[in-house]
Amino acid sequence: MEPTLSLPPIRLTALSLLTALAMALPAAADQPAATPAAVAGPMLSAPTEFSFDLLAARAAALARQPHVPAPVAQPEVLEKIDYDAHWRIRFRPEATVMLGDTPAQFFHLGTYFRQPVKVFVVEGASAHEVVYSPSYFDMPTDSPARALGANAGFAGFRLMRPDMKSDWISFLGAAYFRSDGALRQFGLSARGAALNTGLSIPEEFPRFTEFYLETAPDGRTIVNALLDGPSMTGAYRMVMRDETGKGQVMDISSRLFFRAPVERLGIAPLTSMFWYSESNRFQSSDWRPEVHDTDGLMIHTGAGEHIWRPLNNPDRVVTSSYFDRDIKGFGLVQRDRDFNNYLDDGVFYDKRPAVWIEPTSAWGPGAVQLVEIPTEDEIFDNIVTFWNPEKRPQAGEEMRFDYRLHWSDVPPVDLELARTVATRVGNGGVPGQPRPKDVIKVVVDFEGKPLEGLATQDGVKPEVSAPAGVEVVNPFAVRVVGTDQWRLTFDLKAPAGTDTVDLRAYLALNGAPLTETWLGQFHLGQINRLR
């Protein structure tokens with residue numbers, strides 16, 4: 001699986017501030033005593049007929065009509081509900097909607113969440129809308145939100161654990177949703193769909209406009225959602241469960257309907273943050289050793305190859321495409337779980353979830369695309385990955401994709417090979433001798449059962465592939481003394497004027513691979529300027 005690159009002259013809109021705000025909102029159990037009159041419970045509308053097929057039919061009908069953006073009411077008031085004001089608006093626990101044993105609570109509108117969504121509770125073949133009331137929220141007496149009135153609507157919702165002390169999934173902002181994984185720490189986000197991400201044309205952000213919440217016979221929570229945007233609509237059915245100590249699993253069925261052609265369609269998109277790690281420590285003077293929600297893209301190809309692609313923080317927007325057919329899975333992973341490599345006891349990057357996407361229907365030909373955007377701070381989401389089908393959707397067409405999302409600490413992949421645990425870059429050449437300016441040293445560490453017990457004299461060989469004209473100088477592999485890790489080391493020299501180099505490498509014994517395939521991408525101009 002060889003990558004192709006495109007370098008669009010734009011940057012993407014970052015939404016980390018939105019997700020940070022969602023993380024900051026406290027759970028109901030942590031809120032002060034309510035000051036308004038007591039609420040008897042959530043108010044529900046009269047029933048309407050509902051099924052997922054009816055929702056899909058509505059999405060199809062909408063796609064045959066011009067897109068009508070949701071109006072933003074009282075924008076001058078919403079402008080005043082900034083981060084601090086929004087954080088002080090607390091949901092009242094007595095207004096909680098119960099979905100079996102799962103409590104659902106709601107987010108208030110604010111300057112970063114201006115378009116309301118509708119939320120329904122499904123019982124049998126009927127759906128009842130949860131009617132907004134300002135009495136569901138505790139607000140300071142001087143809160144600007146008090147001026148919104150009685151019909152403001154909800155910004156989104158979150159599903160709580162039974163004790164209502166913590167939430168395990170939230171839907172807030174456009175088509176974004178997030179879960180906290182096995183280690184109960186929110187990090188990267190998923191989306192319903194990504195449209196024209198990383199291109200020179202504007203990216204579209206379709207949004208979930210309606211949610212239908214129900215409980216499956218086995219107790220799992222089901223979120224049905226209607227997606228609407230300028231170029232497409234969609235119906236989503238997400239059957240999800242929260243497993244203590246294991247994270248969350250979401251079975252997703254999506255039916256997509258297109259109003260207009262889409263240049264680049266992203267299926268099962270994930271959005272994350274990567275500032276720096278051990279591989280590019282020279283890009284930051286921050287006091288912490290590493291800062292990232294995710295440190296690599298992991299791929300299990302349709303042919304069965306396991307791939308690890310360490311993330312970069314490039315100096316321009318870079319899109320890498322990894323072509324495949326009927327891919328087995330891919331995801332953004334936080335492999336480094338050592339607190340000492342982050343030293344941040346406020347945001348706990350060592351506990352950020354990994355998200356693995358497992359297709360449950362045949363996706364056919366396409367590519368995993370990785371978009372990396374420059375950043376100089378941790379507040380910006382600068383990493384996006386998704387599946388891009390080979391066939392570009394046209395107006396009037398329908399597409400279907402089914403998949404399973406795993407939010408965990410380790411992806412549920414049967415990886416029998418050793419895995420990559422670190423990638424480092426430094427000055428090429430030999431210590432004590434003049435260092436060549438046009439050479440960098442690359443060091444990759446691997447760890448896993450296939451390497452345990454092997455010694456350097458056993459004949460472990462590095463297999464490194466590079467583009468024509470690029471020199472891989474003196475590649476060798478040795479066991480790291482005192483550990484079961486193995487280290488691949490080589491110098492990299494490229495012709496003058498070469499900017500980006502993609503490499504493939506793995507360790508082998510008697511011709512058989514011992515490790516997954518490491519894909520390294522190096523932006524030599526940026527590295528040479530900063531190191």
# chains A, B, ... in the order shown; residues from 1 in each chain; ligands from 1
call {"tool": "residues_around", "arguments": {"residues": "Gly149 (chain A)", "least_positions_apart": "6", "cutoff": "12 Å", "atoms": "only C-alpha atoms", "output": "VMD selection string"}}
result
chain A and resid 73 to 74 77 to 78 109 132 to 135
call {"tool": "residues_around", "arguments": {"residues": "His67 (chain A)", "least_positions_apart": "6", "cutoff": "8 Å", "atoms": "only C-alpha atoms", "output": "list in words"}}
result
Asp228, Gly229, Pro230 and Ser231 of chain A
call {"tool": "select_by_dssp", "arguments": {"residues": "region 424-468 of chain A", "states": "strand (DSSP E or B)", "output": "list in words"}}
result
Arg424, Val425, Gly426, Asn427, Val439, Ile440, Lys441, Val442, Val443, Val444, Asp445, Phe446, Glu447, Lys461, Pro462, Glu463, Val464 and Ser465 of chain A
call {"tool": "write_last_selection", "arguments": {"atoms": "N, CA and C atoms", "output": "compact mmCIF listing (two decimals), in the first residue's frame"}}
result
# COMPACT_ATOMS: atom_id res chain seq x y z
N ARG A 424 12.08 8.12 15.86
CA ARG A 424 12.89 9.29 16.22
C ARG A 424 13.71 9.75 15.04
N VAL A 425 13.99 11.05 15.02
CA VAL A 425 14.76 11.65 13.94
C VAL A 425 15.85 12.51 14.55
N GLY A 426 17.05 12.46 13.97
CA GLY A 426 18.15 13.28 14.47
C GLY A 426 19.18 13.54 13.40
N ASN A 427 20.34 14.03 13.80
CA ASN A 427 21.42 14.32 12.87
C ASN A 427 22.03 13.04 12.34
N VAL A 439 21.84 14.98 5.57
CA VAL A 439 21.55 13.61 5.98
C VAL A 439 20.85 13.65 7.34
N ILE A 440 19.79 12.86 7.49
CA ILE A 440 19.16 12.70 8.79
C ILE A 440 19.24 11.25 9.22
N LYS A 441 19.22 11.05 10.52
CA LYS A 441 19.22 9.69 11.07
C LYS A 441 17.81 9.34 11.51
N VAL A 442 17.36 8.14 11.15
CA VAL A 442 16.04 7.65 11.51
C VAL A 442 16.21 6.42 12.40
N VAL A 443 15.50 6.42 13.52
CA VAL A 443 15.55 5.32 14.48
C VAL A 443 14.12 4.88 14.78
N VAL A 444 13.83 3.60 14.56
CA VAL A 444 12.49 3.06 14.78
C VAL A 444 12.59 1.88 15.73
N ASP A 445 11.82 1.89 16.81
CA ASP A 445 11.82 0.80 17.79
C ASP A 445 10.58 -0.06 17.61
N PHE A 446 10.76 -1.38 17.71
CA PHE A 446 9.68 -2.35 17.62
C PHE A 446 9.65 -3.21 18.87
N GLU A 447 8.44 -3.71 19.21
CA GLU A 447 8.30 -4.56 20.38
C GLU A 447 7.16 -5.54 20.15
N LYS A 461 16.89 -9.15 9.98
CA LYS A 461 17.31 -8.22 8.94
C LYS A 461 16.30 -7.10 8.75
N PRO A 462 16.78 -5.88 8.54
CA PRO A 462 15.86 -4.78 8.20
C PRO A 462 15.53 -4.81 6.71
N GLU A 463 14.28 -4.59 6.40
CA GLU A 463 13.84 -4.46 5.01
C GLU A 463 13.30 -3.04 4.85
N VAL A 464 14.06 -2.21 4.14
CA VAL A 464 13.70 -0.79 3.99
C VAL A 464 13.57 -0.47 2.51
N SER A 465 12.46 0.15 2.14
CA SER A 465 12.22 0.55 0.75
C SER A 465 12.14 2.06 0.68
call {"tool": "residues_around", "arguments": {"residues": "region 448-452 of chain A", "least_positions_apart": "4", "cutoff": "12 Å", "atoms": "only C-alpha atoms", "output": "ChimeraX atom specification"}}
result
/A:415-421,456,458-461,477-480,482-487,507-509,512-516
call {"tool": "residues_around", "arguments": {"residues": "Phe208 (chain A)", "least_positions_apart": "2", "cutoff": "8 Å", "atoms": "only C-alpha atoms", "output": "ChimeraX atom specification"}}
result
/A:117,174-175,206,210-211,225-228
call {"tool": "atom_distance", "arguments": {"atom1": "CA of Arg325 (chain A)", "atom2": "CA of Pro353 (chain A)"}}
result
26.8 Å
call {"tool": "residues_around", "arguments": {"residues": "Ser143 (chain A)", "least_positions_apart": "6", "cutoff": "10 Å", "atoms": "only C-alpha atoms", "output": "JSON list (two decimals) with all heavy atoms, in the first residue's frame"}}
result
[["chain", "number", "residue", "atom", "x", "y", "z"],
["A", 80, "LYS", "N", -23.16, 36.54, 23.13],
["A", 80, "LYS", "CA", -22.77, 36.84, 24.51],
["A", 80, "LYS", "C", -22.57, 35.58, 25.36],
["A", 80, "LYS", "O", -21.98, 35.65, 26.44],
["A", 80, "LYS", "CB", -23.82, 37.73, 25.16],
["A", 80, "LYS", "CG", -24.01, 39.08, 24.48],
["A", 80, "LYS", "CD", -25.14, 39.86, 25.11],
["A", 80, "LYS", "CE", -25.37, 41.17, 24.38],
["A", 80, "LYS", "NZ", -26.52, 41.93, 24.96],
["A", 81, "ILE", "N", -23.07, 34.43, 24.88],
["A", 81, "ILE", "CA", -22.93, 33.18, 25.64],
["A", 81, "ILE", "C", -21.60, 32.55, 25.23],
["A", 81, "ILE", "O", -21.53, 31.57, 24.49],
["A", 81, "ILE", "CB", -24.11, 32.23, 25.40],
["A", 81, "ILE", "CG1", -25.44, 32.95, 25.59],
["A", 81, "ILE", "CG2", -24.05, 31.03, 26.35],
["A", 81, "ILE", "CD1", -26.65, 32.11, 25.25],
["A", 85, "ALA", "N", -19.57, 31.88, 29.94],
["A", 85, "ALA", "CA", -21.01, 31.93, 30.21],
["A", 85, "ALA", "C", -21.67, 30.58, 29.94],
["A", 85, "ALA", "O", -22.58, 30.17, 30.68],
["A", 85, "ALA", "CB", -21.66, 33.01, 29.35],
["A", 86, "HIS", "N", -21.21, 29.89, 28.91],
["A", 86, "HIS", "CA", -21.78, 28.58, 28.58],
["A", 86, "HIS", "C", -21.47, 27.56, 29.66],
["A", 86, "HIS", "O", -22.32, 26.74, 30.04],
["A", 86, "HIS", "CB", -21.25, 28.12, 27.22],
["A", 86, "HIS", "CG", -22.09, 27.08, 26.56],
["A", 86, "HIS", "ND1", -21.90, 25.74, 26.77],
["A", 86, "HIS", "CD2", -23.12, 27.17, 25.68],
["A", 86, "HIS", "CE1", -22.77, 25.05, 26.04],
["A", 86, "HIS", "NE2", -23.53, 25.90, 25.38],
["A", 88, "ARG", "N", -21.19, 27.99, 32.73],
["A", 88, "ARG", "CA", -21.95, 28.23, 33.96],
["A", 88, "ARG", "C", -23.42, 27.81, 33.86],
["A", 88, "ARG", "O", -24.15, 27.88, 34.83],
["A", 88, "ARG", "CB", -21.86, 29.71, 34.34],
["A", 88, "ARG", "CG", -20.46, 30.13, 34.78],
["A", 88, "ARG", "CD", -20.45, 31.56, 35.30],
["A", 88, "ARG", "NE", -19.14, 31.94, 35.79],
["A", 88, "ARG", "CZ", -18.21, 32.54, 35.06],
["A", 88, "ARG", "NH1", -18.46, 32.83, 33.80],
["A", 88, "ARG", "NH2", -17.03, 32.84, 35.58],
["A", 89, "ILE", "N", -23.84, 27.38, 32.69],
["A", 89, "ILE", "CA", -25.21, 26.89, 32.51],
["A", 89, "ILE", "C", -25.20, 25.39, 32.79],
["A", 89, "ILE", "O", -24.56, 24.62, 32.11],
["A", 89, "ILE", "CB", -25.72, 27.17, 31.09],
["A", 89, "ILE", "CG1", -25.68, 28.67, 30.79],
["A", 89, "ILE", "CG2", -27.13, 26.62, 30.91],
["A", 89, "ILE", "CD1", -25.98, 29.01, 29.34]]
call {"tool": "residues_around", "arguments": {"residues": "Ser189 (chain A)", "least_positions_apart": "2", "cutoff": "7 Å", "atoms": "only C-alpha atoms", "output": "list in words"}}
result
Tyr176, Phe177, Arg178, Gly187, Arg191, Leu270, Thr271 and Ser272 of chain A
call {"tool": "write_last_selection", "arguments": {"atoms": "all heavy atoms", "output": "PDB file, in the first residue's frame"}}
result
ATOM      1  N   TYR A 176     -20.453  15.960  14.782  1.00  0.00           N
ATOM      2  CA  TYR A 176     -19.404  15.417  15.644  1.00  0.00           C
ATOM      3  C   TYR A 176     -19.999  14.646  16.821  1.00  0.00           C
ATOM      4  O   TYR A 176     -21.038  15.014  17.361  1.00  0.00           O
ATOM      5  CB  TYR A 176     -18.530  16.550  16.203  1.00  0.00           C
ATOM      6  CG  TYR A 176     -17.572  17.138  15.207  1.00  0.00           C
ATOM      7  CD1 TYR A 176     -17.998  18.077  14.270  1.00  0.00           C
ATOM      8  CD2 TYR A 176     -16.240  16.764  15.195  1.00  0.00           C
ATOM      9  CE1 TYR A 176     -17.109  18.625  13.352  1.00  0.00           C
ATOM     10  CE2 TYR A 176     -15.341  17.311  14.291  1.00  0.00           C
ATOM     11  CZ  TYR A 176     -15.786  18.233  13.365  1.00  0.00           C
ATOM     12  OH  TYR A 176     -14.903  18.763  12.460  1.00  0.00           O
ATOM     13  N   PHE A 177     -19.293  13.587  17.215  1.00  0.00           N
ATOM     14  CA  PHE A 177     -19.610  12.901  18.461  1.00  0.00           C
ATOM     15  C   PHE A 177     -18.339  12.292  19.021  1.00  0.00           C
ATOM     16  O   PHE A 177     -17.396  11.999  18.282  1.00  0.00           O
ATOM     17  CB  PHE A 177     -20.710  11.844  18.270  1.00  0.00           C
ATOM     18  CG  PHE A 177     -20.416  10.780  17.236  1.00  0.00           C
ATOM     19  CD1 PHE A 177     -19.909   9.541  17.602  1.00  0.00           C
ATOM     20  CD2 PHE A 177     -20.672  11.016  15.890  1.00  0.00           C
ATOM     21  CE1 PHE A 177     -19.658   8.557  16.656  1.00  0.00           C
ATOM     22  CE2 PHE A 177     -20.430  10.039  14.937  1.00  0.00           C
ATOM     23  CZ  PHE A 177     -19.919   8.805  15.321  1.00  0.00           C
ATOM     24  N   ARG A 178     -18.322  12.123  20.363  1.00  0.00           N
ATOM     25  CA  ARG A 178     -17.110  11.648  21.026  1.00  0.00           C
ATOM     26  C   ARG A 178     -17.480  10.714  22.167  1.00  0.00           C
ATOM     27  O   ARG A 178     -18.522  10.867  22.807  1.00  0.00           O
ATOM     28  CB  ARG A 178     -16.306  12.824  21.606  1.00  0.00           C
ATOM     29  CG  ARG A 178     -15.893  13.846  20.583  1.00  0.00           C
ATOM     30  CD  ARG A 178     -15.040  14.926  21.198  1.00  0.00           C
ATOM     31  NE  ARG A 178     -15.599  15.398  22.442  1.00  0.00           N
ATOM     32  CZ  ARG A 178     -14.899  15.631  23.548  1.00  0.00           C
ATOM     33  NH1 ARG A 178     -13.620  15.407  23.571  1.00  0.00           N
ATOM     34  NH2 ARG A 178     -15.486  16.085  24.624  1.00  0.00           N
ATOM     35  N   GLY A 187     -11.019  12.495  24.018  1.00  0.00           N
ATOM     36  CA  GLY A 187      -9.917  12.929  23.174  1.00  0.00           C
ATOM     37  C   GLY A 187     -10.412  13.242  21.779  1.00  0.00           C
ATOM     38  O   GLY A 187     -11.081  14.241  21.563  1.00  0.00           O
ATOM     39  N   ARG A 191     -17.106  11.752  13.212  1.00  0.00           N
ATOM     40  CA  ARG A 191     -18.083  12.563  12.497  1.00  0.00           C
ATOM     41  C   ARG A 191     -18.986  11.657  11.671  1.00  0.00           C
ATOM     42  O   ARG A 191     -18.602  10.542  11.309  1.00  0.00           O
ATOM     43  CB  ARG A 191     -17.383  13.535  11.538  1.00  0.00           C
ATOM     44  CG  ARG A 191     -16.891  14.790  12.165  1.00  0.00           C
ATOM     45  CD  ARG A 191     -16.564  15.822  11.088  1.00  0.00           C
ATOM     46  NE  ARG A 191     -15.185  15.777  10.674  1.00  0.00           N
ATOM     47  CZ  ARG A 191     -14.678  16.519   9.687  1.00  0.00           C
ATOM     48  NH1 ARG A 191     -15.471  17.328   8.999  1.00  0.00           N
ATOM     49  NH2 ARG A 191     -13.414  16.438   9.371  1.00  0.00           N
ATOM     50  N   LEU A 270     -12.488  10.605  11.386  1.00  0.00           N
ATOM     51  CA  LEU A 270     -12.003  10.844  12.741  1.00  0.00           C
ATOM     52  C   LEU A 270     -11.168  12.120  12.729  1.00  0.00           C
ATOM     53  O   LEU A 270     -10.405  12.362  11.789  1.00  0.00           O
ATOM     54  CB  LEU A 270     -11.147   9.683  13.247  1.00  0.00           C
ATOM     55  CG  LEU A 270     -11.790   8.299  13.272  1.00  0.00           C
ATOM     56  CD1 LEU A 270     -10.763   7.244  13.698  1.00  0.00           C
ATOM     57  CD2 LEU A 270     -13.000   8.273  14.195  1.00  0.00           C
ATOM     58  N   THR A 271     -11.292  12.923  13.782  1.00  0.00           N
ATOM     59  CA  THR A 271     -10.574  14.185  13.896  1.00  0.00           C
ATOM     60  C   THR A 271      -9.809  14.200  15.210  1.00  0.00           C
ATOM     61  O   THR A 271     -10.372  13.912  16.260  1.00  0.00           O
ATOM     62  CB  THR A 271     -11.558  15.370  13.856  1.00  0.00           C
ATOM     63  OG1 THR A 271     -12.273  15.340  12.627  1.00  0.00           O
ATOM     64  CG2 THR A 271     -10.827  16.694  13.970  1.00  0.00           C
ATOM     65  N   SER A 272      -8.512  14.536  15.157  1.00  0.00           N
ATOM     66  CA  SER A 272      -7.687  14.455  16.353  1.00  0.00           C
ATOM     67  C   SER A 272      -6.654  15.573  16.365  1.00  0.00           C
ATOM     68  O   SER A 272      -6.646  16.454  15.492  1.00  0.00           O
ATOM     69  CB  SER A 272      -7.003  13.080  16.424  1.00  0.00           C
ATOM     70  OG  SER A 272      -6.381  12.890  17.680  1.00  0.00           O
TER      71      SER A 272
END
call {"tool": "select_by_dssp", "arguments": {"residues": "region 347-464 of chain A", "states": "helix (DSSP H, G or I)", "output": "list in words"}}
result
Tyr349, Asp350, Lys351, Lys449, Pro450, Leu451, Thr456, Gln457 and Asp458 of chain A
call {"tool": "closest_residue", "arguments": {"among": "A:Val430, A:Ala395, A:Ala354, A:Ala127", "to": "Leu297 (chain A)", "atoms": "only C-alpha atoms"}}
result
A:Ala354
call {"tool": "closest_residue", "arguments": {"among": "A:Thr500, A:Gln115, A:Ser170, A:Ser285", "to": "Glu376 (chain A)", "atoms": "only C-alpha atoms"}}
result
A:Ser285
call {"tool": "residues_around", "arguments": {"residues": "Val368 (chain A)", "least_positions_apart": "6", "cutoff": "10 Å", "atoms": "only C-alpha atoms", "output": "list in words"}}
result
Pro3, Gly266, Ile267, Pro269, Leu297, Ile299, Thr301, Ser320, Ser321, Tyr322, Phe323, Asp324, Ile327, Gly329, Phe330, Gly331, Thr385, Phe386, Trp387, Asn388 and Pro389 of chain A
call {"tool": "atom_distance", "arguments": {"atom1": "CA of Pro42 (chain A)", "atom2": "CA of Ala95 (chain A)"}}
result
5.0 Å
call {"tool": "closest_residue", "arguments": {"among": "A:Glu397, A:Glu214, A:Asp242, A:Asp293", "to": "Gln185 (chain A)", "atoms": "only C-alpha atoms"}}
result
A:Asp293
call {"tool": "decode", "arguments": {"residues": "region 311-327 of chain A", "atoms": "C-alpha atoms", "output": "mmCIF file, in the first residue's frame"}}
result
data_model
loop_
_atom_site.group_PDB
_atom_site.id
_atom_site.type_symbol
_atom_site.label_atom_id
_atom_site.label_comp_id
_atom_site.auth_asym_id
_atom_site.auth_seq_id
_atom_site.Cartn_x
_atom_site.Cartn_y
_atom_site.Cartn_z
ATOM 1 C CA LEU A 311 1.765 11.214 12.510
ATOM 2 C CA ASN A 312 3.467 14.434 11.469
ATOM 3 C CA ASN A 313 2.963 18.128 12.172
ATOM 4 C CA PRO A 314 3.966 19.446 8.732
ATOM 5 C CA ASP A 315 4.597 23.028 7.666
ATOM 6 C CA ARG A 316 1.684 22.958 5.173
ATOM 7 C CA VAL A 317 -1.455 20.890 4.687
ATOM 8 C CA VAL A 318 -0.523 17.393 3.495
ATOM 9 C CA THR A 319 -2.931 14.680 2.346
ATOM 10 C CA SER A 320 -1.675 11.095 2.103
ATOM 11 C CA SER A 321 -3.759 8.411 0.368
ATOM 12 C CA TYR A 322 -3.378 4.676 1.000
ATOM 13 C CA PHE A 323 -5.263 2.763 -1.674
ATOM 14 C CA ASP A 324 -6.981 -0.523 -0.889
ATOM 15 C CA ARG A 325 -10.028 -2.681 -1.580
ATOM 16 C CA ASP A 326 -12.456 -4.011 1.056
ATOM 17 C CA ILE A 327 -10.240 -2.751 3.854
#
